[in-house]
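K.L.:
The file below is run_0.cif, mmCIF, C-alpha atoms:
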data_structure
loop_
_atom_site.label_atom_id
_atom_site.label_comp_id
_atom_site.auth_asym_id
_atom_site.auth_seq_id
_atom_site.Cartn_x
_atom_site.Cartn_y
_atom_site.Cartn_z
CA MET A 13 37.90 42.48 59.82
CA ASP A 14 39.74 42.59 63.12
CA ASP A 15 38.12 39.31 64.02
CA VAL A 16 39.41 37.79 60.82
CA ARG A 17 42.93 39.07 61.46
CA ALA A 18 42.77 37.84 65.03
CA GLY A 19 41.60 34.45 63.74
CA VAL A 20 44.48 34.26 61.28
CA THR A 21 46.96 35.24 63.95
CA ASP A 22 45.59 32.65 66.34
CA LEU A 23 45.68 30.05 63.65
CA ASP A 24 49.26 30.86 62.68
CA ARG A 25 50.29 30.90 66.27
CA ALA A 26 48.65 27.55 66.92
CA ILE A 27 50.37 25.97 63.90
CA ALA A 28 53.71 27.51 64.80
CA GLU A 29 53.41 26.32 68.39
CA THR A 30 52.68 22.78 67.28
CA LEU A 31 55.66 22.77 64.95
CA ASP A 32 58.00 24.40 67.42
CA VAL A 33 59.60 21.11 68.29
CA ASP A 34 63.34 20.79 68.37
CA VAL A 35 65.23 17.90 66.99
CA SER A 36 66.82 15.48 69.46
CA PRO A 37 70.35 16.39 70.55
CA ASP A 38 71.70 13.14 69.17
CA PHE A 39 70.02 13.59 65.78
CA LEU A 40 73.11 14.94 64.06
CA ALA A 41 75.23 12.16 65.52
CA ARG A 42 72.78 9.58 64.19
CA VAL A 43 72.79 11.16 60.74
CA ARG A 44 76.59 11.17 60.74
CA GLN A 45 76.59 7.56 61.83
CA ARG A 46 74.28 6.63 58.99
CA ILE A 47 76.30 8.60 56.47
CA ALA A 48 79.49 6.96 57.69
CA ASN A 49 78.02 3.64 56.61
CA GLU A 50 77.32 5.03 53.15
CA PRO A 51 80.02 4.92 50.46
CA ALA A 52 81.81 8.25 50.13
CA PRO A 53 80.28 10.60 47.58
CA ALA A 54 82.32 10.56 44.43
CA PRO A 55 83.43 13.81 42.81
CA PHE A 56 81.42 14.89 39.80
CA TRP A 57 83.95 13.66 37.24
CA SER A 58 83.99 10.13 38.63
CA GLY A 59 81.00 9.30 36.48
CA TRP A 60 83.05 10.15 33.41
CA ARG A 61 85.90 8.07 34.72
CA ILE A 62 83.62 5.05 34.53
CA ALA A 63 81.68 6.05 31.43
CA LEU A 64 84.68 6.81 29.22
CA PRO A 65 86.35 3.37 29.41
CA ILE A 66 82.95 1.74 28.91
CA ALA A 67 82.33 3.87 25.82
CA ALA A 68 85.82 3.13 24.48
CA ALA A 69 85.37 -0.60 25.07
CA ALA A 70 82.00 -0.50 23.32
CA ALA A 71 83.53 1.30 20.33
CA VAL A 72 86.34 -1.28 20.07
CA ALA A 73 83.83 -4.13 20.33
CA ILE A 74 81.69 -2.62 17.58
CA ALA A 75 84.76 -2.20 15.36
CA ILE A 76 85.83 -5.81 15.94
CA VAL A 77 82.35 -7.11 15.16
CA GLY A 78 82.24 -4.99 11.99
CA VAL A 79 85.60 -6.26 10.77
CA ALA A 80 84.64 -9.85 11.55
CA ALA A 81 81.39 -9.48 9.64
CA LEU A 82 83.24 -8.13 6.60
CA SER A 83 85.82 -10.91 6.66
CA THR A 84 83.20 -13.69 6.94
CA ARG A 85 81.44 -12.36 3.86
CA GLY A 86 84.52 -13.45 1.82
CA PRO A 87 85.99 -11.94 -1.30
CA SER A 88 83.38 -10.34 -3.42
CA ALA A 89 82.69 -12.02 -6.75
CA PRO A 90 84.35 -10.30 -9.68
CA PRO A 91 81.94 -8.36 -11.83
CA LEU A 92 81.02 -10.48 -14.83
CA LEU A 93 79.71 -7.83 -17.11
CA ALA A 94 80.56 -4.27 -16.41
CA SER A 95 77.77 -1.88 -17.02
CA ARG A 96 78.39 0.04 -20.18
CA PRO A 97 76.69 2.92 -21.87
CA LEU A 98 74.37 1.83 -24.61
CA LEU A 99 74.46 3.77 -27.80
CA SER A 100 71.16 4.94 -29.05
CA GLY A 101 69.77 2.74 -31.75
CA SER A 102 71.34 -0.47 -30.66
CA LEU A 103 69.49 -3.43 -29.36
CA PRO A 104 65.84 -2.59 -29.52
CA LEU A 105 64.56 -4.48 -26.56
CA ALA A 106 61.14 -5.06 -25.24
CA ASP A 107 60.67 -2.25 -22.75
CA VAL A 108 58.64 -3.28 -19.79
CA ARG A 109 60.06 -0.70 -17.41
CA SER A 110 57.97 1.91 -15.75
CA ALA A 111 57.69 5.37 -17.22
CA ALA A 112 59.88 6.91 -14.54
CA VAL A 113 62.62 4.38 -15.09
CA ARG A 114 62.33 4.88 -18.84
CA ARG A 115 62.62 8.62 -18.44
CA ALA A 116 65.73 8.20 -16.37
CA ALA A 117 67.17 6.04 -19.10
CA GLU A 118 66.42 8.53 -21.87
CA PRO A 119 69.56 9.63 -23.70
CA GLN A 120 70.65 13.03 -22.59
CA THR A 121 72.05 15.18 -25.32
CA ARG A 122 74.50 17.85 -24.41
CA SER A 123 76.10 20.23 -26.80
CA HIS A 124 79.33 22.03 -26.36
CA SER A 125 81.41 24.10 -28.69
CA VAL A 126 84.90 23.04 -29.63
CA ASP A 127 86.75 25.44 -31.91
CA GLY A 128 83.52 26.89 -33.17
CA VAL A 129 82.04 23.50 -34.03
CA THR A 130 79.09 22.41 -32.00
CA VAL A 131 79.45 18.86 -30.93
CA LEU A 132 76.46 16.88 -29.82
CA ALA A 133 77.34 14.29 -27.27
CA THR A 134 74.82 11.63 -26.58
CA THR A 135 75.22 9.60 -23.47
CA THR A 136 72.94 6.99 -22.22
CA THR A 137 73.01 5.90 -18.64
CA GLU A 138 71.39 2.87 -17.23
CA PRO A 139 68.90 3.62 -14.48
CA ASP A 140 69.42 2.19 -11.05
CA VAL A 141 67.67 -1.09 -10.79
CA LEU A 142 65.61 -1.46 -7.68
CA VAL A 143 66.80 -4.91 -6.79
CA PRO A 144 68.13 -5.69 -3.34
CA ARG A 145 71.90 -5.72 -3.23
CA GLU A 146 71.88 -9.11 -1.52
CA GLU A 147 69.93 -10.55 -4.42
CA ILE A 148 72.38 -9.08 -6.92
CA ASP A 149 75.26 -10.56 -4.95
CA MET A 150 73.49 -13.87 -4.84
CA TYR A 151 73.07 -13.95 -8.62
CA ARG A 152 76.66 -12.90 -9.12
CA ARG A 153 77.87 -15.70 -6.92
CA LEU A 154 75.63 -18.15 -8.72
CA ILE A 155 76.98 -17.08 -12.10
CA ALA A 156 80.56 -17.17 -10.84
CA GLN A 157 80.09 -20.67 -9.52
CA ALA A 158 78.46 -21.76 -12.77
CA GLN A 159 81.44 -20.41 -14.70
CA SER A 160 83.91 -22.19 -12.48
CA VAL A 161 82.33 -25.59 -13.12
CA PRO A 162 84.67 -27.53 -15.50
CA GLY A 163 83.24 -28.33 -18.87
CA VAL A 164 80.83 -25.45 -18.90
CA THR A 165 81.36 -22.65 -21.34
CA VAL A 166 79.62 -19.43 -20.93
CA VAL A 167 79.26 -17.57 -24.14
CA ASP A 168 78.83 -13.87 -24.00
CA ALA A 169 77.84 -11.78 -26.91
CA PRO A 170 80.92 -10.39 -28.69
CA GLU A 171 81.12 -6.81 -27.74
CA ASP A 172 82.11 -5.56 -31.21
CA ARG A 173 78.99 -7.05 -32.71
CA VAL A 174 76.78 -5.58 -30.08
CA LEU A 175 78.29 -2.20 -30.60
CA ALA A 176 78.07 -2.36 -34.36
CA GLY A 177 74.41 -3.27 -34.24
CA LEU A 178 74.95 -6.53 -36.04
CA ILE A 179 72.61 -8.42 -33.89
CA SER A 180 69.19 -7.63 -35.09
CA GLU A 181 65.95 -8.00 -33.33
CA ILE A 182 65.03 -11.57 -32.73
CA THR A 183 61.92 -12.46 -34.55
CA ILE A 184 60.34 -15.84 -34.31
CA ASP A 185 58.49 -16.91 -37.37
CA PRO A 186 55.34 -18.91 -37.00
CA ILE A 187 56.11 -22.56 -36.88
CA LYS A 188 54.99 -24.47 -39.88
CA ILE A 189 54.37 -28.13 -39.40
CA GLU A 190 54.90 -30.02 -42.56
CA LEU A 191 53.44 -33.31 -43.25
CA ILE A 192 55.72 -36.18 -42.62
CA VAL A 193 56.29 -38.01 -45.79
CA PRO A 194 57.85 -41.44 -45.67
CA PRO A 195 61.38 -41.33 -46.94
CA VAL A 196 62.01 -42.33 -50.42
CA GLY A 197 65.21 -43.95 -51.36
CA GLY A 198 68.08 -45.19 -49.33
CA GLU A 199 68.72 -44.75 -45.68
CA GLY A 200 69.96 -41.41 -44.58
CA GLU A 201 68.33 -39.46 -47.33
CA ARG A 202 65.89 -36.96 -46.14
CA LYS A 203 63.57 -34.66 -47.80
CA MET B 236 69.37 31.92 62.75
CA ASN B 237 69.86 34.18 59.78
CA VAL B 238 67.47 32.63 57.29
CA ARG B 239 69.02 34.40 54.35
CA ALA B 240 72.51 33.13 55.02
CA TRP B 241 71.79 29.77 53.46
CA ALA B 242 70.83 31.33 50.16
CA GLN B 243 74.43 32.34 49.56
CA PRO B 244 76.05 29.63 47.46
CA LEU B 245 79.11 28.09 48.95
CA PRO B 246 82.20 27.93 46.75
CA ILE B 247 82.16 24.99 44.39
CA VAL B 248 84.53 22.33 45.59
CA THR B 249 85.50 19.15 43.91
CA SER B 250 87.76 16.90 45.94
CA GLY B 251 86.28 14.20 48.15
CA ASP B 252 87.41 15.84 51.42
CA ASP B 253 85.99 19.18 50.41
CA LEU B 254 82.72 17.52 49.48
CA GLU B 255 82.55 15.94 52.93
CA ARG B 256 83.27 19.27 54.60
CA ASP B 257 80.73 21.07 52.46
CA PHE B 258 78.08 18.49 53.22
CA GLU B 259 78.82 18.65 56.95
CA THR B 260 78.20 22.40 56.85
CA ARG B 261 74.88 21.92 55.05
CA LEU B 262 73.88 19.19 57.47
CA ALA B 263 74.52 21.36 60.49
CA GLU B 264 72.58 24.34 59.16
CA SER B 265 69.63 22.43 57.68
CA SER B 266 68.98 19.59 60.12
CA ARG B 267 66.29 21.48 62.05
CA LEU B 268 64.55 22.54 58.84
CA ALA B 269 64.38 18.98 57.55
CA PHE B 270 63.14 17.69 60.89
CA ARG B 271 60.42 20.34 61.16
CA VAL B 272 59.22 19.80 57.61
CA ALA B 273 58.88 16.11 58.37
CA TYR B 274 57.27 16.85 61.73
CA GLY B 275 54.77 19.15 60.02
CA VAL B 276 53.48 16.14 58.12
CA LEU B 277 53.90 13.37 60.67
CA ARG B 278 53.61 15.09 64.07
CA HIS B 279 55.58 12.28 65.53
CA ARG B 280 59.10 12.96 66.71
CA GLU B 281 60.69 9.58 66.02
CA ASP B 282 59.09 9.23 62.62
CA ALA B 283 60.08 12.78 61.70
CA GLU B 284 63.66 12.16 62.75
CA ASP B 285 63.76 8.94 60.76
CA VAL B 286 62.49 10.73 57.68
CA ALA B 287 64.90 13.64 58.10
CA GLN B 288 67.75 11.18 58.51
CA GLU B 289 66.72 9.36 55.36
CA ALA B 290 66.53 12.65 53.49
CA PHE B 291 70.07 13.54 54.56
CA ALA B 292 71.36 10.12 53.54
CA LYS B 293 69.76 10.63 50.15
CA ALA B 294 71.21 14.12 49.95
CA TYR B 295 74.65 12.75 50.77
CA ARG B 296 74.46 10.24 47.96
CA ALA B 297 73.37 12.88 45.46
CA PHE B 298 75.49 15.70 46.80
CA SER B 299 78.33 15.40 44.30
CA SER B 300 75.94 15.62 41.38
CA LEU B 301 74.10 18.64 42.77
CA ARG B 302 75.33 21.34 40.45
CA ASP B 303 73.93 24.35 42.25
CA ARG B 304 74.76 23.87 45.90
CA GLY B 305 72.89 27.07 46.69
CA ARG B 306 69.70 25.09 46.01
CA PHE B 307 70.55 22.42 48.55
CA ARG B 308 67.83 23.52 50.96
CA VAL B 309 65.24 23.61 48.18
CA TRP B 310 66.18 20.08 47.26
CA LEU B 311 66.20 18.99 50.91
CA VAL B 312 62.76 20.46 51.66
CA ARG B 313 61.21 18.76 48.66
CA THR B 314 62.84 15.43 49.37
CA THR B 315 61.92 15.53 53.05
CA TRP B 316 58.34 16.50 52.23
CA ARG B 317 57.92 13.66 49.79
CA LEU B 318 59.48 11.12 52.14
CA ALA B 319 57.29 12.36 54.99
CA ILE B 320 54.14 12.15 52.89
CA ASP B 321 55.09 8.60 51.89
CA ARG B 322 55.65 7.69 55.52
CA TYR B 323 52.38 9.35 56.55
CA ARG B 324 50.43 7.38 53.96
CA ALA B 325 52.18 4.16 54.92
CA ASN B 326 51.37 4.80 58.58
CA ARG B 327 47.73 5.41 57.74
CA ARG B 328 47.53 2.27 55.66
CA ARG B 329 49.13 0.28 58.44
CA ALA B 330 46.79 1.81 61.02
CA ALA B 331 43.80 1.01 58.86
CA HIS B 332 45.06 -2.51 58.35
CA GLU B 333 45.62 -3.09 62.04
CA GLN B 334 42.36 -1.33 62.94
CA ALA B 335 44.40 0.77 65.28
CA VAL B 336 43.32 4.11 66.58
CA GLU B 337 45.70 6.99 65.87
CA ALA B 338 47.90 7.75 68.82
CA PRO B 339 46.49 10.58 70.90
CA PRO B 340 48.58 13.72 71.33
CA ASP B 341 51.13 13.73 74.10
CA PRO B 342 49.30 14.69 77.35
CA ALA B 343 52.47 16.34 78.61
CA VAL B 344 52.32 18.82 75.75
CA TYR B 345 48.56 19.39 76.00
CA PRO B 346 47.69 19.36 79.67
CA ASP B 347 44.05 20.37 79.29
CA VAL B 348 41.43 18.69 77.21
CA GLU B 349 40.45 21.87 75.40
CA SER B 350 43.89 22.60 73.98
CA ARG B 351 44.31 18.98 73.03
CA ASP B 352 41.01 18.97 71.13
CA ARG B 353 41.98 22.17 69.44
CA HIS B 354 45.23 20.61 68.35
CA VAL B 355 43.46 17.54 67.02
CA HIS B 356 40.98 19.63 65.03
CA LEU B 357 43.62 21.94 63.69
CA TRP B 358 45.78 19.15 62.32
CA ALA B 359 42.83 17.23 61.00
CA ALA B 360 41.93 20.36 59.03
CA ILE B 361 45.52 20.85 57.82
CA ASP B 362 45.75 17.22 56.74
CA GLU B 363 42.67 17.70 54.60
CA LEU B 364 44.22 20.60 52.67
CA PRO B 365 45.48 19.91 49.16
CA GLU B 366 49.21 19.29 49.16
CA PRO B 367 50.33 22.64 47.66
CA LEU B 368 48.37 24.52 50.33
CA ARG B 369 49.52 22.20 53.05
CA ILE B 370 53.24 22.55 52.41
CA VAL B 371 52.94 26.32 52.24
CA THR B 372 51.12 26.35 55.58
CA VAL B 373 53.79 24.24 57.22
CA LEU B 374 56.75 26.09 55.74
CA ALA B 375 55.31 29.47 56.65
CA ALA B 376 54.90 28.32 60.24
CA ILE B 377 58.47 27.10 60.80
CA GLU B 378 61.81 28.81 61.16
CA GLY B 379 60.19 32.24 60.90
CA HIS B 380 59.96 31.95 57.12
CA ASP B 381 58.35 34.85 55.32
CA LEU B 382 56.72 34.70 51.88
CA LYS B 383 59.99 35.27 50.08
CA GLU B 384 61.73 32.41 51.82
CA VAL B 385 58.84 30.02 51.30
CA SER B 386 58.80 31.05 47.65
CA ARG B 387 62.52 30.34 47.40
CA LEU B 388 62.25 27.00 49.18
CA LEU B 389 59.47 25.79 46.93
CA ASP B 390 60.80 27.48 43.80
CA VAL B 391 57.37 28.98 43.20
CA PRO B 392 56.61 32.68 42.53
CA GLU B 393 55.95 34.79 45.58
CA GLY B 394 52.49 35.79 44.34
CA THR B 395 51.49 32.15 44.08
CA ILE B 396 52.71 31.49 47.61
CA LYS B 397 50.73 34.46 48.86
CA TRP B 398 47.57 33.22 47.19
CA ARG B 399 48.08 29.67 48.45
CA LEU B 400 48.66 30.84 52.00
CA PHE B 401 45.57 33.04 51.90
CA THR B 402 43.44 30.20 50.53
CA ALA B 403 44.83 27.74 53.08
CA ARG B 404 44.09 30.04 55.99
CA LYS B 405 40.60 30.75 54.75
CA ARG B 406 39.82 27.06 54.38
CA LEU B 407 41.29 26.25 57.76
CA GLN B 408 39.22 28.94 59.45
CA GLU B 409 36.05 27.71 57.82
CA LYS B 410 36.78 24.13 58.66
CA LEU B 411 37.74 24.86 62.25
CA ARG B 412 34.63 26.97 62.77
CA TRP B 413 32.52 24.15 61.42
CA MET B 414 34.32 21.54 63.53
CA THR B 415 34.05 23.62 66.69
CA SER B 416 30.38 24.42 66.14
CA GLU B 417 29.62 20.77 65.38
CA GLN B 418 31.40 19.69 68.54
CA ALA B 419 29.57 22.35 70.56
#
Let me see the file written as structure tokens.

P.N.:
Amino acid sequence: MDDVRAGVTDLDRAIAETLDVDVSPDFLARVRQRIANEPAPAPFWSGWRIALPIAAAAAVAIAIVGVAALSTRGPSAPPLLASRPLLSGSLPLADVRSAAVRRAAEPQTRSHSVDGVTVLATTTTEPDVLVPREEIDMYRRLIAQAQSVPGVTVVDAPEDRVLAGLISEITIDPIKIELIVPPVGGEGERK
Amino acid sequence: MNVRAWAQPLPIVTSGDDLERDFETRLAESSRLAFRVAYGVLRHREDAEDVAQEAFAKAYRAFSSLRDRGRFRVWLVRTTWRLAIDRYRANRRRAAHEQAVEAPPDPAVYPDVESRDRHVHLWAAIDELPEPLRIVTVLAAIEGHDLKEVSRLLDVPEGTIKWRLFTARKRLQEKLRWMTSEQA
């Protein structure tokens, strides 16, 4: 055990002796000389002094780009047909929508009491259509341009008829092809 | 030198002049430590001074962003150690490339052959230690550092330092015994 301790002590002493070397007297002067050539260390807030104007400039640039992008898009086309609630029972249309979309479009009946009389209010809301907004805008622009062409008349279904349910379901009868019979009689007369 | 004095944090200063003054104080009190850490790796005075100088230049550049100035010496020891290891590896690569033989120890320091051989064997054994054991061995041998101070300088628990030092010494003894017996 004593041998081990003696060995450790010798070892430590040997290492310490090897490392017991003093720095040159001119070392500090050389370090100072080198540091003198370095730019002065900036205080800790100097980083913020640079970063803040950069951040502000970036924010202004982003705002300018955003405004420019909005202005180049031009005035948005006026809505041609405003979405309107559909009363239940009107316009039986072929329903090809998915079940989830159909469920969302189901009329929701709410009842509330007014002066003791229960009123059933039925509202129908159109479900959100999963069509890209750009595509919708594109179609709107197309329709607006088509309307602005002179000589073109766009006929929309009269709203009062739609509401009153006057327009019934379109049914197409089977086409009957009749035999062509040569006309009898004078010109212009037709069977 | 009172080795505990450096652990006391200096007051936090902000202006450029105060920063310069603060750094000058740190430089004066830590120059020998940085040099000896570098010398512990390189065992070459000029190289060690170059590395210590580089470490101080680096410290100067980063000084303003060093939040806890009380940890300056920790930072300096680590930086110096890393720079010294880099230099040591570069020197070895260059030596291998040039097929040069490593410079023998200074005959003025080791007058007799026996002490010179001992020195060569000792440092060959230290160089073969894994880095965590090696730095502990060097730091414990300089500036009269005890376990607590080495632990503080490396930011490693004291128990870990104790274990590393014990392992390093054991390995060195074994290696030196083997080297000496082989030489004999």

K.L.:
Could you pull the residues within 9 Å of Arg353 (chain B), counting all atoms listed in the file, minus those fewer than 5 positions along the same chain, as a ChimeraX atom specification?

P.N.:
/A:26 /B:348,358,411,415

K.L.:
So how far away is CA of Ile370 (chain B) from CA of Lys383 (chain B), in Å?

P.N.:
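Value for the CA of Lys383 (chain B)-CA of Ile370 (chain B) distance: 14.6 Å.
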
K.L.:
Written as a VMD selection string, which residues does the PyMOL selection byres ((chain B and resi 267-272) around 10) give for the file shown?

P.N.:
(chain A and resid 31 to 36 39 to 40) or (chain B and resid 262 to 266 273 to 278 280 to 288 290 to 291 308 311 to 316 319 370 373 to 374 376 to 378)

K.L.:
Suppose a student applies the PyMOL selection byres ((chain B and resi 389-394) around 10) to this structure; what residues should they get, written as number ranges by chain?

P.N.:
B: 306, 308-310, 312-313, 367, 370-371, 374, 382-388, 395-400

K.L.:
Can you tell me how far CA of Glu259 (chain B) sits from CA of Gly379 (chain B), in Å to one decimal?

P.N.:
23.4 Å

K.L.:
Between CA of Ala48 (chain A) and CA of Tyr295 (chain B), measure the distance and give it in Å to one decimal.

P.N.:
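Value for the CA of Ala48 (chain A)-CA of Tyr295 (chain B) distance: 10.2 Å.
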